[in-house]
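Asks: Structure: upload.cif, mmCIF, C-alpha atoms and all ligand atoms.
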```
data_protein
#
loop_
_atom_site.label_atom_id
_atom_site.label_comp_id
_atom_site.auth_asym_id
_atom_site.auth_seq_id
_atom_site.Cartn_x
_atom_site.Cartn_y
_atom_site.Cartn_z
CA MET O 1 -5.16 -137.20 165.11
CA PRO O 2 -1.46 -137.23 165.85
CA GLU O 3 0.94 -138.66 163.39
CA LEU O 4 3.62 -140.86 164.85
CA LEU O 5 7.02 -140.56 163.32
CA ARG O 6 8.35 -144.03 163.41
CA ASN O 7 11.66 -145.53 162.53
CA GLY O 8 11.78 -149.28 162.65
CA LYS O 9 9.42 -151.94 163.90
CA GLN O 10 9.27 -150.72 167.44
CA GLY O 11 7.86 -147.36 166.37
CA VAL O 12 10.47 -145.60 168.42
CA MET O 13 13.86 -144.25 167.53
CA MET O 14 16.66 -146.00 169.34
CA GLY O 15 19.98 -144.27 169.83
CA LYS O 16 23.29 -146.08 170.04
CA LEU O 17 23.40 -147.92 173.34
CA GLY O 18 25.47 -146.15 175.93
CA SER O 19 26.27 -143.18 173.67
CA GLY O 20 24.47 -140.63 175.86
CA PRO O 21 25.71 -139.23 179.15
CA ASP O 22 24.80 -141.07 182.34
CA GLY O 23 22.48 -138.44 183.61
CA VAL O 24 20.36 -137.62 186.59
CA LEU O 25 17.25 -138.35 184.54
CA ASP O 26 18.23 -141.88 183.53
CA GLY O 27 15.12 -144.03 183.20
CA LYS O 28 12.75 -141.06 183.13
CA VAL O 29 10.33 -140.32 180.31
CA ALA O 30 9.52 -136.72 179.44
CA VAL O 31 6.87 -135.14 177.22
CA VAL O 32 7.60 -131.64 175.90
CA THR O 33 4.87 -129.75 174.02
CA GLY O 34 5.54 -127.21 171.28
CA ALA O 35 8.99 -128.60 170.49
CA ALA O 36 8.94 -128.58 166.68
CA ARG O 37 10.90 -125.42 165.96
CA TYR O 38 14.64 -125.55 165.47
CA ARG O 39 15.32 -122.33 167.39
CA GLY O 40 12.56 -122.81 169.95
CA ILE O 41 12.77 -123.20 173.71
CA GLY O 42 10.85 -126.49 173.42
CA ARG O 43 13.56 -128.16 171.30
CA ALA O 44 16.25 -126.92 173.69
CA ILE O 45 14.36 -128.36 176.65
CA ALA O 46 13.83 -131.70 174.90
CA LEU O 47 17.53 -131.97 174.03
CA ARG O 48 18.67 -130.97 177.52
CA LEU O 49 16.38 -133.52 179.19
CA ALA O 50 17.70 -136.17 176.80
CA ALA O 51 21.29 -135.15 177.52
CA ASP O 52 20.52 -135.57 181.21
CA GLY O 53 19.30 -139.11 180.59
CA ALA O 54 15.56 -138.96 179.82
CA ASP O 55 13.76 -140.57 176.92
CA VAL O 56 11.82 -137.73 175.35
CA VAL O 57 8.62 -137.24 173.40
CA GLY O 58 8.53 -133.95 171.50
CA THR O 59 5.17 -132.78 170.27
CA GLY O 60 4.34 -130.05 167.82
CA LEU O 61 1.83 -128.76 165.31
CA ALA O 62 1.80 -129.85 161.70
CA ARG O 63 3.05 -126.86 159.73
CA ASP O 64 2.12 -125.57 156.35
CA PRO O 65 5.36 -125.65 154.25
CA SER O 66 4.86 -121.95 153.47
CA GLU O 67 5.20 -121.17 157.21
CA ILE O 68 8.52 -122.96 157.64
CA PRO O 69 11.32 -120.40 157.99
CA ALA O 70 14.15 -120.39 155.46
CA HIS O 71 16.77 -121.39 158.03
CA GLU O 72 14.81 -124.57 158.85
CA ARG O 73 14.33 -125.39 155.16
CA GLU O 74 18.04 -124.91 154.47
CA ARG O 75 18.90 -127.32 157.29
CA GLY O 76 16.37 -129.86 156.12
CA TRP O 77 14.67 -129.52 159.50
CA ARG O 78 11.53 -131.68 159.67
CA GLY O 79 10.11 -130.57 163.02
CA VAL O 80 9.49 -133.26 165.62
CA ALA O 81 10.78 -135.96 163.22
CA SER O 82 14.20 -134.27 163.21
CA LEU O 83 14.02 -133.70 166.96
CA ALA O 84 13.42 -137.42 167.53
CA GLU O 85 16.57 -138.12 165.48
CA GLU O 86 18.58 -135.66 167.56
CA ILE O 87 17.40 -137.31 170.78
CA SER O 88 18.31 -140.67 169.33
CA ALA O 89 21.78 -139.35 168.51
CA LEU O 90 22.17 -138.51 172.21
CA GLY O 91 21.63 -142.18 173.01
CA ARG O 92 18.07 -141.86 174.29
CA ARG O 93 14.78 -142.98 172.89
CA GLY O 94 13.05 -140.15 171.03
CA LEU O 95 9.54 -139.97 169.72
CA GLY O 96 7.98 -137.16 167.73
CA ILE O 97 4.24 -136.71 167.71
CA ILE O 98 2.26 -134.20 165.70
CA ALA O 99 -0.41 -133.07 168.15
CA ASP O 100 -2.50 -129.98 168.78
CA VAL O 101 -3.00 -129.16 172.47
CA THR O 102 -6.44 -127.74 171.65
CA ASP O 103 -7.62 -131.15 170.44
CA GLN O 104 -8.54 -133.55 173.24
CA SER O 105 -8.17 -136.62 171.01
CA ASP O 106 -4.61 -135.52 170.12
CA VAL O 107 -3.79 -135.01 173.78
CA ASP O 108 -5.16 -138.44 174.72
CA ALA O 109 -3.19 -139.99 171.87
CA VAL O 110 0.06 -138.37 173.08
CA VAL O 111 -0.39 -140.02 176.46
CA ARG O 112 -1.41 -143.36 174.96
CA GLU O 113 1.44 -143.48 172.44
CA THR O 114 4.02 -142.36 174.99
CA ILE O 115 3.02 -145.12 177.40
CA ASP O 116 2.75 -147.71 174.60
CA THR O 117 6.21 -146.94 173.25
CA LEU O 118 8.19 -145.66 176.24
CA GLY O 119 6.32 -147.25 179.14
CA HIS O 120 5.25 -144.36 181.34
CA ILE O 121 5.42 -140.57 181.86
CA ASP O 122 7.55 -138.95 184.57
CA ILE O 123 7.94 -135.39 183.32
CA LEU O 124 5.59 -133.06 181.45
CA VAL O 125 6.80 -129.71 180.14
CA ASN O 126 3.93 -127.47 179.05
CA ASN O 127 5.78 -125.22 176.61
CA ALA O 128 3.33 -124.80 173.70
CA ALA O 129 1.90 -121.30 173.25
CA LEU O 130 0.85 -118.83 170.63
CA PRO O 131 3.23 -115.95 169.86
CA SER O 132 2.95 -113.23 172.49
CA ASP O 133 1.80 -110.66 169.95
CA ALA O 134 -0.78 -112.85 168.22
CA GLY O 135 -3.71 -110.46 167.93
CA VAL O 136 -2.09 -107.70 169.94
CA ALA O 137 -4.82 -105.14 170.59
CA SER O 138 -6.57 -103.23 173.32
CA ILE O 139 -9.19 -105.36 175.06
CA LEU O 140 -11.68 -102.70 173.90
CA ASP O 141 -10.93 -103.49 170.27
CA MET O 142 -9.97 -107.16 170.50
CA ASP O 143 -11.93 -109.60 168.40
CA ASP O 144 -13.42 -112.42 170.44
CA GLU O 145 -11.75 -115.06 168.29
CA THR O 146 -8.27 -113.83 169.28
CA TRP O 147 -9.13 -113.95 172.94
CA LEU O 148 -10.73 -117.39 172.75
CA THR O 149 -7.94 -118.93 170.64
CA THR O 150 -5.21 -117.62 172.94
CA VAL O 151 -6.98 -119.00 175.99
CA ASP O 152 -7.59 -122.30 174.21
CA VAL O 153 -3.92 -122.84 173.34
CA ASN O 154 -2.05 -121.25 176.25
CA LEU O 155 -4.36 -122.17 179.12
CA ASN O 156 -6.86 -124.84 178.06
CA GLY O 157 -4.08 -126.69 176.23
CA LEU O 158 -2.01 -126.75 179.40
CA TYR O 159 -5.07 -127.91 181.36
CA ARG O 160 -5.72 -130.76 178.90
CA MET O 161 -2.10 -131.95 178.84
CA THR O 162 -1.75 -131.66 182.62
CA LYS O 163 -4.96 -133.56 183.27
CA ALA O 164 -4.12 -136.38 180.86
CA CYS O 165 -0.46 -136.77 181.88
CA GLY O 166 -1.24 -136.10 185.56
CA ARG O 167 -3.76 -138.94 185.58
CA ALA O 168 -1.17 -141.28 184.06
CA MET O 169 1.35 -140.25 186.73
CA ARG O 170 -1.19 -140.66 189.53
CA ASP O 171 -2.35 -144.07 188.29
CA ARG O 172 1.22 -145.35 188.05
CA GLY O 173 1.89 -144.23 191.61
CA GLU O 174 5.55 -143.31 191.11
CA GLY O 175 5.16 -139.54 191.30
CA GLY O 176 6.35 -137.17 188.62
CA CYS O 177 6.84 -133.55 187.80
CA ILE O 178 5.21 -130.91 185.66
CA ILE O 179 6.92 -127.74 184.51
CA ASN O 180 4.85 -124.96 183.00
CA ILE O 181 6.35 -122.23 180.84
CA SER O 182 4.80 -118.87 181.62
CA SER O 183 6.40 -115.52 180.77
CA MET O 184 7.32 -112.15 182.21
CA ALA O 185 3.89 -111.28 180.81
CA GLY O 186 2.56 -113.56 183.55
CA ARG O 187 4.17 -111.29 186.15
CA VAL O 188 3.13 -107.84 185.00
CA GLY O 189 0.35 -106.43 182.82
CA LEU O 190 1.40 -105.20 179.39
CA ALA O 191 -0.82 -102.83 177.42
CA ASN O 192 -2.37 -104.49 174.35
CA TYR O 193 -1.18 -107.96 175.35
CA GLY O 194 -4.36 -108.76 177.31
CA ALA O 195 -4.97 -112.29 176.05
CA TYR O 196 -1.32 -113.37 176.37
CA CYS O 197 -0.96 -111.76 179.82
CA ALA O 198 -4.17 -113.29 181.14
CA THR O 199 -3.17 -116.78 180.04
CA LYS O 200 0.38 -116.48 181.35
CA PHE O 201 -0.87 -115.18 184.73
CA GLY O 202 -3.28 -118.13 184.67
CA VAL O 203 -0.41 -120.56 184.14
CA ILE O 204 1.21 -119.33 187.37
CA GLY O 205 -2.07 -119.65 189.27
CA LEU O 206 -2.59 -123.19 188.02
CA THR O 207 0.97 -124.06 188.97
CA GLN O 208 0.34 -123.02 192.56
CA GLN O 209 -2.97 -124.79 193.03
CA LEU O 210 -1.79 -127.94 191.24
CA ALA O 211 1.27 -128.11 193.47
CA ILE O 212 -1.00 -128.43 196.50
CA GLU O 213 -3.49 -130.73 194.81
CA LEU O 214 -0.92 -133.14 193.38
CA ALA O 215 1.48 -133.24 196.32
CA PRO O 216 -0.26 -136.32 197.80
CA HIS O 217 0.56 -138.09 194.52
CA ARG O 218 4.19 -136.96 194.78
CA ILE O 219 3.85 -134.90 191.62
CA ARG O 220 5.77 -131.63 191.80
CA VAL O 221 4.52 -128.69 189.73
CA ASN O 222 6.70 -125.68 188.96
CA CYS O 223 6.86 -122.87 186.46
CA THR O 224 9.41 -120.72 184.69
CA CYS O 225 8.98 -117.21 183.37
CA PRO O 226 11.39 -116.62 180.50
CA GLY O 227 12.39 -113.06 179.81
CA SER O 228 13.08 -112.05 176.23
CA THR O 229 14.84 -115.08 174.72
CA THR O 230 16.19 -115.40 171.20
CA THR O 231 13.80 -117.63 169.24
CA ASP O 232 11.83 -117.31 166.01
CA MET O 233 8.82 -116.35 168.11
CA MET O 234 10.66 -113.45 169.76
CA ASP O 235 12.30 -112.37 166.49
CA GLY O 236 8.83 -112.31 164.92
CA THR O 237 7.46 -110.18 167.75
CA ILE O 238 10.37 -107.75 167.41
CA HIS O 239 9.93 -107.63 163.64
CA ARG O 240 6.21 -106.85 163.87
CA SER O 241 6.74 -104.28 166.65
CA ALA O 242 9.33 -102.50 164.50
CA GLU O 243 6.99 -102.49 161.53
CA ALA O 244 4.13 -101.12 163.61
CA ALA O 245 6.32 -98.38 165.11
CA GLY O 246 8.00 -97.61 161.77
CA ILE O 247 11.49 -97.99 163.23
CA PRO O 248 14.33 -100.47 162.55
CA GLU O 249 14.23 -103.83 164.35
CA ASP O 250 17.53 -102.99 165.99
CA GLY O 251 15.85 -100.09 167.78
CA ILE O 252 13.27 -102.42 169.35
CA ARG O 253 15.94 -104.96 170.28
CA LYS O 254 18.11 -102.29 171.91
CA ALA O 255 15.11 -100.98 173.86
CA ILE O 256 14.39 -104.50 175.18
CA VAL O 257 18.00 -105.18 176.10
CA SER O 258 18.44 -101.78 177.76
CA GLN O 259 15.96 -102.87 180.45
CA ILE O 260 17.71 -106.16 181.22
CA PRO O 261 20.38 -105.84 183.93
CA TRP O 262 22.35 -108.72 182.37
CA GLY O 263 22.55 -106.67 179.16
CA ARG O 264 21.40 -109.23 176.60
CA GLN O 265 18.51 -111.47 175.63
CA GLY O 266 18.32 -114.97 177.05
CA ARG O 267 19.44 -118.10 175.20
CA VAL O 268 17.26 -121.15 174.78
CA GLU O 269 19.88 -123.32 176.52
CA GLU O 270 19.58 -121.08 179.58
CA GLN O 271 15.82 -121.63 179.68
CA ALA O 272 16.30 -125.37 179.20
CA ALA O 273 18.86 -125.63 182.01
CA VAL O 274 16.37 -124.28 184.57
CA VAL O 275 13.67 -126.67 183.38
CA ALA O 276 16.14 -129.56 183.66
CA PHE O 277 16.99 -128.52 187.21
CA LEU O 278 13.30 -128.37 188.16
CA ALA O 279 12.78 -131.80 186.57
CA GLY O 280 15.69 -133.37 188.40
CA PRO O 281 16.34 -134.81 191.86
CA ASP O 282 18.04 -131.64 193.13
CA ALA O 283 14.62 -129.97 193.03
CA SER O 284 12.94 -132.75 195.03
CA TYR O 285 11.63 -130.31 197.69
CA ILE O 286 10.55 -127.56 195.28
CA THR O 287 6.94 -127.35 194.21
CA GLY O 288 4.49 -124.59 193.37
CA GLN O 289 7.30 -122.17 192.52
CA THR O 290 7.69 -119.79 189.63
CA LEU O 291 11.23 -118.89 188.66
CA ASN O 292 12.08 -115.87 186.51
CA VAL O 293 14.77 -116.65 183.93
CA ASP O 294 15.19 -113.14 182.65
CA GLY O 295 18.65 -111.70 183.33
CA GLY O 296 17.43 -109.81 186.39
CA LEU O 297 14.50 -107.97 184.81
CA ARG O 298 12.04 -108.68 187.61
CA PHE O 299 12.14 -109.85 191.20
CA ASP O 300 8.58 -111.05 191.68
P1 LIG O 401 7.97 -121.08 169.76
O1 LIG O 401 6.95 -120.46 168.85
O2 LIG O 401 9.16 -121.71 169.13
O3 LIG O 401 7.30 -122.17 170.69
C1 LIG O 401 5.93 -122.33 170.88
C2 LIG O 401 5.53 -123.64 170.24
O4 LIG O 401 4.17 -123.90 170.55
C3 LIG O 401 5.66 -123.62 168.72
O5 LIG O 401 6.42 -124.74 168.31
C4 LIG O 401 4.23 -123.74 168.25
O6 LIG O 401 4.08 -124.48 167.05
C5 LIG O 401 3.60 -124.49 169.42
N1 LIG O 401 2.14 -124.38 169.41
C6 LIG O 401 1.38 -123.28 169.18
N2 LIG O 401 0.08 -123.62 169.20
C7 LIG O 401 0.03 -124.94 169.48
C8 LIG O 401 -1.01 -125.88 169.63
N3 LIG O 401 -2.31 -125.53 169.47
N4 LIG O 401 -0.72 -127.17 169.91
C9 LIG O 401 0.57 -127.55 170.04
N5 LIG O 401 1.62 -126.72 169.90
C10 LIG O 401 1.34 -125.43 169.63
O7 LIG O 401 8.37 -119.94 170.76
P2 LIG O 401 9.37 -119.92 172.00
O8 LIG O 401 9.88 -118.54 172.04
O9 LIG O 401 10.29 -121.06 171.93
O10 LIG O 401 8.36 -120.06 173.23
C11 LIG O 401 8.30 -121.22 174.05
C12 LIG O 401 7.56 -120.89 175.32
O11 LIG O 401 8.26 -119.88 176.04
C13 LIG O 401 6.15 -120.35 175.10
O12 LIG O 401 5.30 -120.84 176.13
C14 LIG O 401 6.31 -118.87 175.26
O13 LIG O 401 5.12 -118.21 175.64
C15 LIG O 401 7.38 -118.80 176.34
N6 LIG O 401 8.11 -117.54 176.34
C16 LIG O 401 9.01 -117.24 175.37
C17 LIG O 401 9.70 -116.04 175.44
C18 LIG O 401 10.73 -115.64 174.42
O14 LIG O 401 11.28 -114.56 174.54
N7 LIG O 401 11.04 -116.46 173.44
C19 LIG O 401 9.46 -115.16 176.49
C20 LIG O 401 8.53 -115.50 177.45
C21 LIG O 401 7.88 -116.71 177.39
#
```
For the file at hand, write its structure as structure tokens.
Ligand code: NAD

Replies:
Amino acid sequence: MPELLRNGKQGVMMGKLGSGPDGVLDGKVAVVTGAARYRGIGRAIALRLAADGADVVGTGLARDPSEIPAHERERGWRGVASLAEEISALGRRGLGIIADVTDQSDVDAVVRETIDTLGHIDILVNNAALPSDAGVASILDMDDETWLTTVDVNLNGLYRMTKACGRAMRDRGEGGCIINISSMAGRVGLANYGAYCATKFGVIGLTQQLAIELAPHRIRVNCTCPGSTTTDMMDGTIHRSAEAAGIPEDGIRKAIVSQIPWGRQGRVEEQAAVVAFLAGPDASYITGQTLNVDGGLRFD
């Protein structure tokens, strides 16, 4: 069951009135999954949506203290609890919920608690995913558990969150928008990344069919494909690739960057900015689209 991080009687963190920017998302309520990591894309999205005016619910997994990176420990970072405080500092209402997207009761509780505390849901960002190299192996050698777990988090989790939040949007009758985070691995097959690729391709397929299905409810559904972006997840992938190849991490990083026309990895703020655009009124006629945010790596 999710754990609500409450501050005060209302069970929701209130920022100083009027201290945030008057943004294009004023009055909107957003739910962002997988937002517990300090350097993650999810946190950057949550903060950007809040800066643009939305009240934001950040969800994330409970973490074993031994898995928390040193830089988060040194900062005193407490996952979604700290994120809720940051949102509050931007003058918006922030709520942090510990929830696993593979657990239907957690997903239902996210929707229930969001509506109970913030009133409704306008925006869902499906960001949660396993690391791209979790169980990297040829399909011929892959253990079934790796395949099934990856599908359960990256694809079934997105299905559960979309269904639960989509129903709340439909029942309210005020429309909404859903933004799914895929990957360049959803655009092109990568050897030994079968489970990750299959789920990320699936995310794009779901985006397209949902856009048609939910249009009558005025719910837009779009997708972004980040290219290599500096986060703990990407650093971990680079680290493990270097170990496996027996070469320094810098060699792997240089090889990645050498393929990117823009000549560097992406920044989380750059991923968040595109999500904020897709969530906002300037994207009112965009649905079913998948946008690469990758420094020019791919054109499809
Ligand atoms: P990240 O690890 O910080 O973010 C993923 C989050 O999902 C983590 O907070 C993790 O705890 C959470 N998560 C995992 N399993 C979960 C579950 N069962 N329930 C709820 N949450 C769960 O990594 P990131 O790099 O910030 O990635 C964010 C998104 O961007 C992911 O969808 C990822 O596939 C995508 N992406 C990232 C890159 C990159 O280079 N960083 C590239 C392409 C795509």

Asks: Enumerate residues in contact with ligand LIG 401 (chain O): an atom-to-atom distance of at most 7 Å, counting only C-alpha atoms and all ligand atoms. Format the result as a PDB file with C-alpha atoms, in the frame of the given file.

Replies:
```pdb
ATOM      1  CA  THR O  33       4.870-129.750 174.020  1.00  0.00           C
ATOM      2  CA  GLY O  34       5.540-127.210 171.280  1.00  0.00           C
ATOM      3  CA  ALA O  35       8.990-128.600 170.490  1.00  0.00           C
ATOM      4  CA  ALA O  36       8.940-128.580 166.680  1.00  0.00           C
ATOM      5  CA  ARG O  37      10.900-125.420 165.960  1.00  0.00           C
ATOM      6  CA  ARG O  39      15.320-122.330 167.390  1.00  0.00           C
ATOM      7  CA  GLY O  40      12.560-122.810 169.950  1.00  0.00           C
ATOM      8  CA  ILE O  41      12.770-123.200 173.710  1.00  0.00           C
ATOM      9  CA  GLY O  42      10.850-126.490 173.420  1.00  0.00           C
ATOM     10  CA  THR O  59       5.170-132.780 170.270  1.00  0.00           C
ATOM     11  CA  GLY O  60       4.340-130.050 167.820  1.00  0.00           C
ATOM     12  CA  LEU O  61       1.830-128.760 165.310  1.00  0.00           C
ATOM     13  CA  ALA O  99      -0.410-133.070 168.150  1.00  0.00           C
ATOM     14  CA  ASP O 100      -2.500-129.980 168.780  1.00  0.00           C
ATOM     15  CA  VAL O 101      -3.000-129.160 172.470  1.00  0.00           C
ATOM     16  CA  THR O 102      -6.440-127.740 171.650  1.00  0.00           C
ATOM     17  CA  ASN O 127       5.780-125.220 176.610  1.00  0.00           C
ATOM     18  CA  ALA O 128       3.330-124.800 173.700  1.00  0.00           C
ATOM     19  CA  ALA O 129       1.900-121.300 173.250  1.00  0.00           C
ATOM     20  CA  LEU O 130       0.850-118.830 170.630  1.00  0.00           C
ATOM     21  CA  PRO O 131       3.230-115.950 169.860  1.00  0.00           C
ATOM     22  CA  SER O 132       2.950-113.230 172.490  1.00  0.00           C
ATOM     23  CA  VAL O 153      -3.920-122.840 173.340  1.00  0.00           C
ATOM     24  CA  ILE O 181       6.350-122.230 180.840  1.00  0.00           C
ATOM     25  CA  SER O 182       4.800-118.870 181.620  1.00  0.00           C
ATOM     26  CA  SER O 183       6.400-115.520 180.770  1.00  0.00           C
ATOM     27  CA  MET O 184       7.320-112.150 182.210  1.00  0.00           C
ATOM     28  CA  CYS O 225       8.980-117.210 183.370  1.00  0.00           C
ATOM     29  CA  PRO O 226      11.390-116.620 180.500  1.00  0.00           C
ATOM     30  CA  GLY O 227      12.390-113.060 179.810  1.00  0.00           C
ATOM     31  CA  SER O 228      13.080-112.050 176.230  1.00  0.00           C
ATOM     32  CA  THR O 229      14.840-115.080 174.720  1.00  0.00           C
ATOM     33  CA  THR O 230      16.190-115.400 171.200  1.00  0.00           C
ATOM     34  CA  THR O 231      13.800-117.630 169.240  1.00  0.00           C
ATOM     35  CA  ASP O 232      11.830-117.310 166.010  1.00  0.00           C
ATOM     36  CA  MET O 233       8.820-116.350 168.110  1.00  0.00           C
ATOM     37  CA  MET O 234      10.660-113.450 169.760  1.00  0.00           C
TER      38      MET O 234
END
```

Asks: Quote the spacing between CA of Val293 (chain O) and CA of Thr162 (chain O) in Å to one decimal place.

Replies: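 Atom-to-atom, CA of Val293 (chain O) and CA of Thr162 (chain O) are spaced 22.4 Å apart.
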
Asks: Take every atom of region 133-145 of chain O listed in the file, pad by 5 Å on each side, and give me the axis-aligned box centre and edge lengths in Å, one decimal, as AutoDock Vina command-line options.

Replies:
```
--center_x -5.8 --center_y -108.9 --center_z 171.5 --size_x 25.2 --size_y 22.4 --size_z 17.1
```

Asks: Quick one: of O:Val188, O:Ala50, O:Ala198, O:Ala242, who's nearest to Ala84 (chain O), counting only C-alpha atoms?

Replies: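 Smallest separation from Ala84 (chain O) among the options: O:Ala50.
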
Asks: Here is a test: counting all atoms listed in the file, which residue of O:Ala195, O:Leu118, O:Val275, O:Ile178 is nearest to Met142 (chain O)?

Replies: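 Of O:Ala195, O:Leu118, O:Val275, O:Ile178, the one nearest Met142 (chain O), counting all atoms listed in the file, is O:Ala195.
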
Asks: Using all atoms listed in the file, can you tell me which of O:Asp152, O:Asp26, O:Asp103, O:Asp122 comes closest to Cys165 (chain O)?

Replies: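 Of O:Asp152, O:Asp26, O:Asp103, O:Asp122, the one nearest Cys165 (chain O) is O:Asp122, counting all atoms listed in the file.
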
Asks: Using only C-alpha atoms and a cutoff of 7 Å, can you tell me which residues are near (9.9, -137.3, 163.3) in the file's coordinates, and write them out as a list in words?

Replies: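 Output: Leu5, Arg6, Arg78, Gly79, Val80, Ala81, Ser82, Leu83, Ala84, Leu95 and Gly96 of chain O.
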
Asks: Calculated over only C-alpha atoms, which of the candidates O:Gly251, O:Gly135, O:Gly296, O:Gly288 has the smallest distance to Arg264 (chain O)?

Replies: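 With only C-alpha atoms as the atom set, the closest residue is O:Gly296.
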
Asks: Please, which residues are within 7 Å of (15.9, -110.7, 183.2) by the file's coordinates, counting all atoms listed in the file, and could they come as JSON, numbers by chain?

Replies: {"O": [227, 260, 261, 262, 293, 294, 295, 296, 297, 298]}

Asks: Under the rule that all atoms listed in the file are counted, which of O:Ile98, O:Leu291, O:Leu124, O:Cys197 is the nearest residue to Trp147 (chain O)?

Replies: O:Cys197

Asks: Of the residues O:Gly157, O:Gly91, O:Pro248, O:Gly202, which is the one nearest to Asp108 (chain O), using all atoms listed in the file?

Replies: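 Checking each of O:Gly157, O:Gly91, O:Pro248, O:Gly202 against Asp108 (chain O), counting all atoms listed in the file, the winner is O:Gly157.
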
Asks: Tell me, as a VMD selection string, which residues lie within 9 Å of Gly53 (chain O), counting all atoms listed in the file; anything in the same chain fewer than 3 positions away does not count.

Replies: chain O and resid 20 to 28 48 to 50 90 to 92

Asks: Using C-alpha atoms, can you export the residues from the last selection as a PDB file, in the coordinates of the input?

Replies:
```
ATOM      1  CA  GLY O  20      24.470-140.630 175.860  1.00  0.00           C
ATOM      2  CA  PRO O  21      25.710-139.230 179.150  1.00  0.00           C
ATOM      3  CA  ASP O  22      24.800-141.070 182.340  1.00  0.00           C
ATOM      4  CA  GLY O  23      22.480-138.440 183.610  1.00  0.00           C
ATOM      5  CA  VAL O  24      20.360-137.620 186.590  1.00  0.00           C
ATOM      6  CA  LEU O  25      17.250-138.350 184.540  1.00  0.00           C
ATOM      7  CA  ASP O  26      18.230-141.880 183.530  1.00  0.00           C
ATOM      8  CA  GLY O  27      15.120-144.030 183.200  1.00  0.00           C
ATOM      9  CA  LYS O  28      12.750-141.060 183.130  1.00  0.00           C
ATOM     10  CA  ARG O  48      18.670-130.970 177.520  1.00  0.00           C
ATOM     11  CA  LEU O  49      16.380-133.520 179.190  1.00  0.00           C
ATOM     12  CA  ALA O  50      17.700-136.170 176.800  1.00  0.00           C
ATOM     13  CA  LEU O  90      22.170-138.510 172.210  1.00  0.00           C
ATOM     14  CA  GLY O  91      21.630-142.180 173.010  1.00  0.00           C
ATOM     15  CA  ARG O  92      18.070-141.860 174.290  1.00  0.00           C
TER      16      ARG O  92
END
```

Asks: So the first atom is CA of Val110 (chain O) and the second is CA of Val151 (chain O); what is the distance between them in Å, to one decimal place?

Replies: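 About the pair CA of Val110 (chain O) and CA of Val151 (chain O): they are 20.8 Å apart.
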
Asks: State, in Å with one decimal place, the distance from CA of Val221 (chain O) to CA of Val125 (chain O).

Replies: 9.9 Å
